[in-house]
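Data from input04.cif: mmCIF, C-alpha atoms
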```cif
data_model
#
loop_
_atom_site.label_atom_id
_atom_site.label_comp_id
_atom_site.auth_asym_id
_atom_site.auth_seq_id
_atom_site.Cartn_x
_atom_site.Cartn_y
_atom_site.Cartn_z
CA PRO A 475 -72.91 -26.25 75.69
CA PHE A 476 -70.48 -28.31 77.83
CA PHE A 477 -72.83 -31.29 77.83
CA PHE A 478 -74.11 -31.01 74.27
CA ASP A 479 -73.36 -34.02 72.03
CA TYR A 480 -71.74 -32.33 69.02
CA LYS A 481 -70.88 -35.63 67.33
CA SER A 482 -74.50 -36.79 66.98
CA ASN A 483 -75.53 -33.28 65.81
CA LYS A 484 -72.64 -32.87 63.34
CA SER A 485 -74.88 -32.34 60.28
CA ASP A 486 -76.97 -29.71 62.12
CA LEU A 487 -73.80 -27.91 63.14
CA GLU A 488 -72.43 -27.99 59.56
CA LYS A 489 -75.77 -26.59 58.28
CA LYS A 490 -75.65 -23.81 60.89
CA ILE A 491 -72.09 -22.90 59.81
CA PHE A 492 -73.28 -22.75 56.19
CA GLU A 493 -76.28 -20.57 57.16
CA ASN A 494 -74.09 -18.15 59.12
CA PHE A 495 -71.03 -17.94 56.87
CA GLY A 496 -71.77 -19.68 53.57
CA LEU A 497 -68.91 -22.08 54.31
CA ASN A 498 -69.17 -25.75 53.44
CA LEU A 499 -67.09 -27.43 56.14
CA ASN A 500 -66.67 -31.06 57.06
CA PHE A 501 -65.14 -31.89 60.42
CA THR A 502 -64.36 -35.35 61.67
CA SER A 503 -62.71 -34.57 64.97
CA LYS A 504 -64.56 -33.69 68.15
CA ALA A 505 -65.94 -30.18 68.61
CA LYS A 506 -64.71 -28.62 71.84
CA TYR A 507 -66.56 -25.86 73.67
CA ASN A 508 -64.58 -23.15 75.50
CA ILE A 509 -66.01 -20.36 77.64
CA PHE A 510 -62.77 -18.32 77.84
CA PRO A 511 -61.86 -15.77 76.50
CA SER A 512 -65.39 -15.83 75.04
CA PRO A 513 -67.92 -18.60 74.29
CA ARG A 514 -66.72 -20.53 71.23
CA LEU A 515 -66.54 -23.86 69.52
CA ASN A 516 -63.11 -25.10 68.51
CA LEU A 517 -62.89 -27.54 65.61
CA LYS A 518 -59.67 -29.23 64.56
CA ASN A 519 -58.58 -30.67 61.20
CA VAL A 520 -61.52 -29.38 59.16
CA GLU A 521 -62.05 -29.96 55.44
CA ILE A 522 -63.06 -26.90 53.41
CA LEU A 523 -65.46 -27.77 50.61
CA SER A 524 -66.19 -25.89 47.38
CA PHE A 525 -67.59 -22.34 47.21
CA SER A 526 -70.17 -23.61 44.71
CA LYS A 527 -73.03 -26.09 45.05
CA ASN A 528 -70.78 -29.12 44.57
CA TYR A 529 -68.90 -30.51 47.54
CA ASN A 530 -65.35 -30.94 46.24
CA ASN A 531 -62.62 -30.69 48.85
CA ILE A 532 -60.68 -27.50 48.10
CA GLY A 533 -58.64 -27.28 51.27
CA SER A 534 -58.28 -27.77 54.98
CA ALA A 535 -57.82 -25.83 58.20
CA LYS A 536 -55.96 -27.10 61.24
CA LYS A 537 -58.25 -25.11 63.51
CA VAL A 538 -61.61 -23.34 63.17
CA ILE A 539 -62.96 -21.08 65.92
CA LEU A 540 -66.67 -20.27 65.89
CA LYS A 541 -67.55 -17.48 68.33
CA ILE A 542 -70.95 -17.74 70.01
CA PRO A 543 -72.84 -14.73 71.43
CA PHE A 544 -73.69 -15.11 75.14
CA LYS A 545 -77.43 -14.77 74.49
CA LYS A 546 -77.42 -17.77 72.10
CA LEU A 547 -75.98 -20.40 74.46
CA VAL A 548 -79.24 -22.21 75.21
CA SER A 549 -79.78 -24.65 72.32
CA LEU A 550 -78.26 -25.70 69.00
CA LYS A 551 -81.61 -25.02 67.28
CA ILE A 552 -81.26 -21.32 68.09
CA LEU A 553 -77.46 -21.38 68.26
CA ASP A 554 -75.93 -18.62 66.24
CA PHE A 555 -72.31 -17.67 65.58
CA ASP A 556 -70.81 -14.16 65.58
CA SER A 557 -67.68 -14.88 63.55
CA ALA A 558 -65.45 -17.63 62.22
CA GLU A 559 -61.66 -17.89 62.24
CA LEU A 560 -59.81 -20.41 60.09
CA ILE A 561 -56.24 -20.86 61.32
CA ASN A 562 -53.45 -22.56 59.34
CA ALA A 563 -55.74 -23.12 56.37
CA VAL A 564 -54.70 -24.07 52.86
CA ILE A 565 -57.25 -23.33 50.13
CA ASN A 566 -56.70 -24.48 46.55
CA ILE A 567 -58.74 -22.50 44.03
CA GLU A 568 -58.77 -23.76 40.46
CA ASN A 569 -59.37 -21.43 37.50
CA SER A 570 -62.85 -22.89 37.13
CA GLU A 571 -63.63 -22.00 40.77
CA ILE A 572 -62.59 -18.30 40.59
CA ASN A 573 -66.06 -17.02 39.66
CA ASN A 574 -67.61 -19.07 42.48
CA PHE A 575 -65.07 -17.57 44.91
CA LYS A 576 -65.82 -14.06 43.61
CA ASN A 577 -69.57 -14.67 43.99
CA TYR A 578 -68.95 -15.92 47.52
CA LEU A 579 -67.06 -12.73 48.42
CA ASN A 580 -69.87 -10.56 47.00
CA ASN A 581 -72.70 -12.56 48.60
CA THR A 582 -74.44 -10.27 51.08
CA ALA A 583 -76.61 -13.07 52.52
CA HIS A 584 -73.66 -14.20 54.65
CA GLU A 585 -72.71 -10.96 56.37
CA LYS A 586 -70.87 -12.29 59.41
CA PRO A 587 -67.08 -11.84 59.44
CA ILE A 588 -64.68 -14.62 58.51
CA GLN A 589 -60.93 -14.48 59.16
CA LEU A 590 -58.13 -16.58 57.78
CA LYS A 591 -54.92 -16.40 59.82
CA LYS A 592 -51.51 -17.89 59.00
CA SER A 593 -53.03 -19.43 55.88
CA LYS A 594 -52.32 -19.91 52.21
CA ILE A 595 -54.41 -19.58 49.05
CA ASN A 596 -53.12 -21.42 45.98
CA LEU A 597 -54.40 -20.57 42.50
CA LEU A 598 -54.27 -23.64 40.26
CA ASP A 599 -54.73 -24.38 36.58
CA LYS A 600 -55.93 -27.97 36.91
CA THR A 601 -52.95 -29.43 38.82
CA ASN A 602 -50.38 -26.71 37.94
CA LEU A 603 -49.71 -24.06 40.58
CA LEU A 604 -49.99 -20.58 39.03
CA PHE A 605 -49.20 -18.66 42.23
CA SER A 606 -49.88 -18.67 45.94
CA ILE A 607 -50.62 -16.01 48.52
CA ASP A 608 -49.31 -16.51 52.06
CA LEU A 609 -51.82 -14.83 54.32
CA LYS A 610 -50.88 -13.27 57.58
CA LYS A 611 -54.50 -12.22 57.91
CA LEU A 612 -57.52 -12.12 55.59
CA ARG A 613 -60.76 -10.65 56.87
CA ILE A 614 -63.97 -10.96 54.86
CA SER A 615 -67.14 -9.21 55.98
CA GLY A 616 -70.27 -7.88 54.36
CA LYS A 617 -73.43 -6.15 55.48
CA ASP A 618 -76.33 -4.48 53.67
CA LEU A 619 -74.81 -4.50 50.16
CA PHE A 620 -71.41 -3.63 51.57
CA SER A 621 -68.64 -6.17 51.38
CA LYS A 622 -65.16 -5.70 52.71
CA LEU A 623 -62.00 -7.74 52.27
CA VAL A 624 -58.69 -6.95 53.97
CA LEU A 625 -55.68 -9.05 53.03
CA LYS A 626 -52.18 -8.90 54.50
CA GLY A 627 -49.59 -11.37 53.35
CA ARG A 628 -47.01 -12.24 50.72
CA ILE A 629 -47.25 -12.89 47.00
CA PHE A 630 -44.18 -13.84 44.94
CA ASN A 631 -42.24 -13.46 48.22
CA THR A 632 -43.19 -9.75 48.40
CA LYS A 633 -45.33 -8.13 51.11
CA ILE A 634 -48.80 -7.16 49.94
CA LYS A 635 -51.80 -5.45 51.48
CA ILE A 636 -55.15 -5.29 49.68
CA ASN A 637 -58.31 -3.52 50.80
CA TYR A 638 -61.49 -4.13 48.80
CA GLN A 639 -64.83 -2.47 49.47
CA ASN A 640 -68.03 -3.11 47.55
CA LYS A 641 -70.53 -0.40 48.38
CA SER A 642 -73.11 -0.72 45.66
CA PRO A 643 -72.66 0.52 42.96
CA VAL A 644 -69.05 1.64 43.60
CA LYS A 645 -66.17 -0.76 44.25
CA LYS A 646 -62.92 0.50 45.80
CA VAL A 647 -59.63 -1.40 45.70
CA THR A 648 -56.35 -0.38 47.31
CA VAL A 649 -53.22 -2.44 46.62
CA ASN A 650 -50.01 -1.72 48.53
CA LEU A 651 -46.67 -3.40 47.77
CA PRO A 652 -44.37 -1.50 50.18
CA GLU A 653 -41.15 -3.33 49.31
CA ILE A 654 -41.28 -2.10 45.72
CA GLY A 655 -42.98 1.24 46.49
CA LEU A 656 -46.23 0.57 44.63
CA ASN A 657 -49.54 2.00 45.87
CA LEU A 658 -52.57 1.60 43.66
CA ARG A 659 -56.08 2.93 44.26
CA LEU A 660 -58.98 2.01 42.02
CA ARG A 661 -62.55 3.23 42.16
CA MET A 662 -64.84 1.33 39.83
CA ASN A 663 -68.43 2.02 38.91
CA PRO A 664 -69.87 -0.74 36.70
CA ASP A 665 -72.43 1.69 35.22
#
```
If you took the structure in this file and wrote it as structure tokens, what would it be?
Amino acid sequence: PFFFDYKSNKSDLEKKIFENFGLNLNFTSKAKYNIFPSPRLNLKNVEILSFSKNYNNIGSAKKVILKIPFKKLVSLKILDFDSAELINAVINIENSEINNFKNYLNNTAHEKPIQLKKSKINLLDKTNLLFSIDLKKLRISGKDLFSKLVLKGRIFNTKIKINYQNKSPVKKVTVNLPEIGLNLRLRMNPD
């Protein structure tokens, strides 16, 4: 991995990221391989593209860390990633993109964990900001018809913690706003 030419294999690497995480990313800076604390690729100044089939730019991340399992260090063709971390990301989701984002979160084909740290999600109505969520940490993972989302951050300048679990057919949501003393638990069965 130290001697691999990531620049000439950029499109293969972007396809592999999409296969592993369902993320459409575009990176222009050099990919850097690190062995410590674990094998990983570090990408800087990455564009985040739409959650749908189109490739609109919906945000950026200052740093993306792709963790590589030790057994997959031989070749990019068999290279696989364990998890992805997006650090200092800003994602702008328009009203029209909400269903695509929801479908992305419920997609079980991409079951490897993704984390957003020190990031922000803005919800927009065309160009008007409706609200934003400052994320301390957002973890998205799914496996075998089970999706999980854990969010810690701030909304309307108030601490918030949300846990979402989708274990077919039941969905569980826990919302905690400790500063105002609100704890909400929902258990939904679409049937």
Exercise: region 631-637 of chain A partners within 9 Å, only C-alpha atoms, chain neighbours under 5 positions left out, as a list in words: Ile607, Asp608, Lys622, Leu623, Val624, Leu625, Lys626, Lys646, Val647, Thr648, Val649, Asn650, Leu651, Pro652, Glu653 and Ile654 of chain A
Matched chain/residue IDs from the PyMOL selection byres ((chain A and resi 588) around 8), as a list in words: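 Matching residues under the PyMOL selection byres ((chain A and resi 588) around 8) are Phe495, Ser557, Ala558, Glu559, Leu560, Lys586, Pro587, Gln589, Leu590, Arg613, Ile614 and Ser615 of chain A.
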Do you know which residues are at most 6 Å from region 500-514 of chain A counting all atoms listed in the file, after dropping those on the same chain fewer than 3 positions away, and could you put them as number ranges by chain? A: 517, 520-521, 540-542
Mind telling me what the PyMOL selection byres ((chain A and resi 523-538) around 8) catches here, as a list in words? Leu497, Asn498, Leu499, Asn500, Asn516, Leu517, Lys518, Asn519, Val520, Glu521, Ile522, Ile539, Leu540, Ala558, Glu559, Leu560, Ile561, Asn562, Ala563, Val564, Ile565, Asn566, Ile567, Glu571, Asn574, Phe575 and Tyr578 of chain A
Just the number, please: distance in Å from CA of Lys610 (chain A) to CA of Leu553 (chain A), one decimal.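 CA of Leu553 (chain A) lies 29.8 Å from CA of Lys610 (chain A).
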For CA of Leu609 (chain A) and CA of Lys484 (chain A), determine how far apart the two atoms are, in Å to one decimal place.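 Between CA of Leu609 (chain A) and CA of Lys484 (chain A) the gap works out to 29.0 Å.
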Straight-line distance linking CA of Pro664 (chain A) with CA of Lys641 (chain A), stated in Å to one decimal: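 A separation of 11.7 Å between them.
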Please provide as a PyMOL selection string all residues within 8 Å of Asn569 (chain A), with the sequence filter that same-chain residues fewer than 4 positions apart are discarded (counting all atoms listed in the file). chain A and resi 597-600
Output file for the selection above: C-alpha atoms, as a PDB file, keeping the file's coordinate frame:
```
ATOM      1  CA  LEU A 597     -54.400 -20.570  42.500  1.00  0.00           C
ATOM      2  CA  LEU A 598     -54.270 -23.640  40.260  1.00  0.00           C
ATOM      3  CA  ASP A 599     -54.730 -24.380  36.580  1.00  0.00           C
ATOM      4  CA  LYS A 600     -55.930 -27.970  36.910  1.00  0.00           C
TER       5      LYS A 600
END
```
Selected residue of minimal separation from Asp554 (chain A) among A:Ile572, A:Leu603, A:Leu612, A:Ile491, counting only C-alpha atoms: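 Among A:Ile572, A:Leu603, A:Leu612, A:Ile491, it is A:Ile491 that comes nearest to Asp554 (chain A).
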Could you check the closest approach to Asp556 (chain A) for each of A:Asn494, A:Gln639, A:Asn657, A:Asn577 and tell me which residue wins, using all atoms listed in the file? A:Asn494
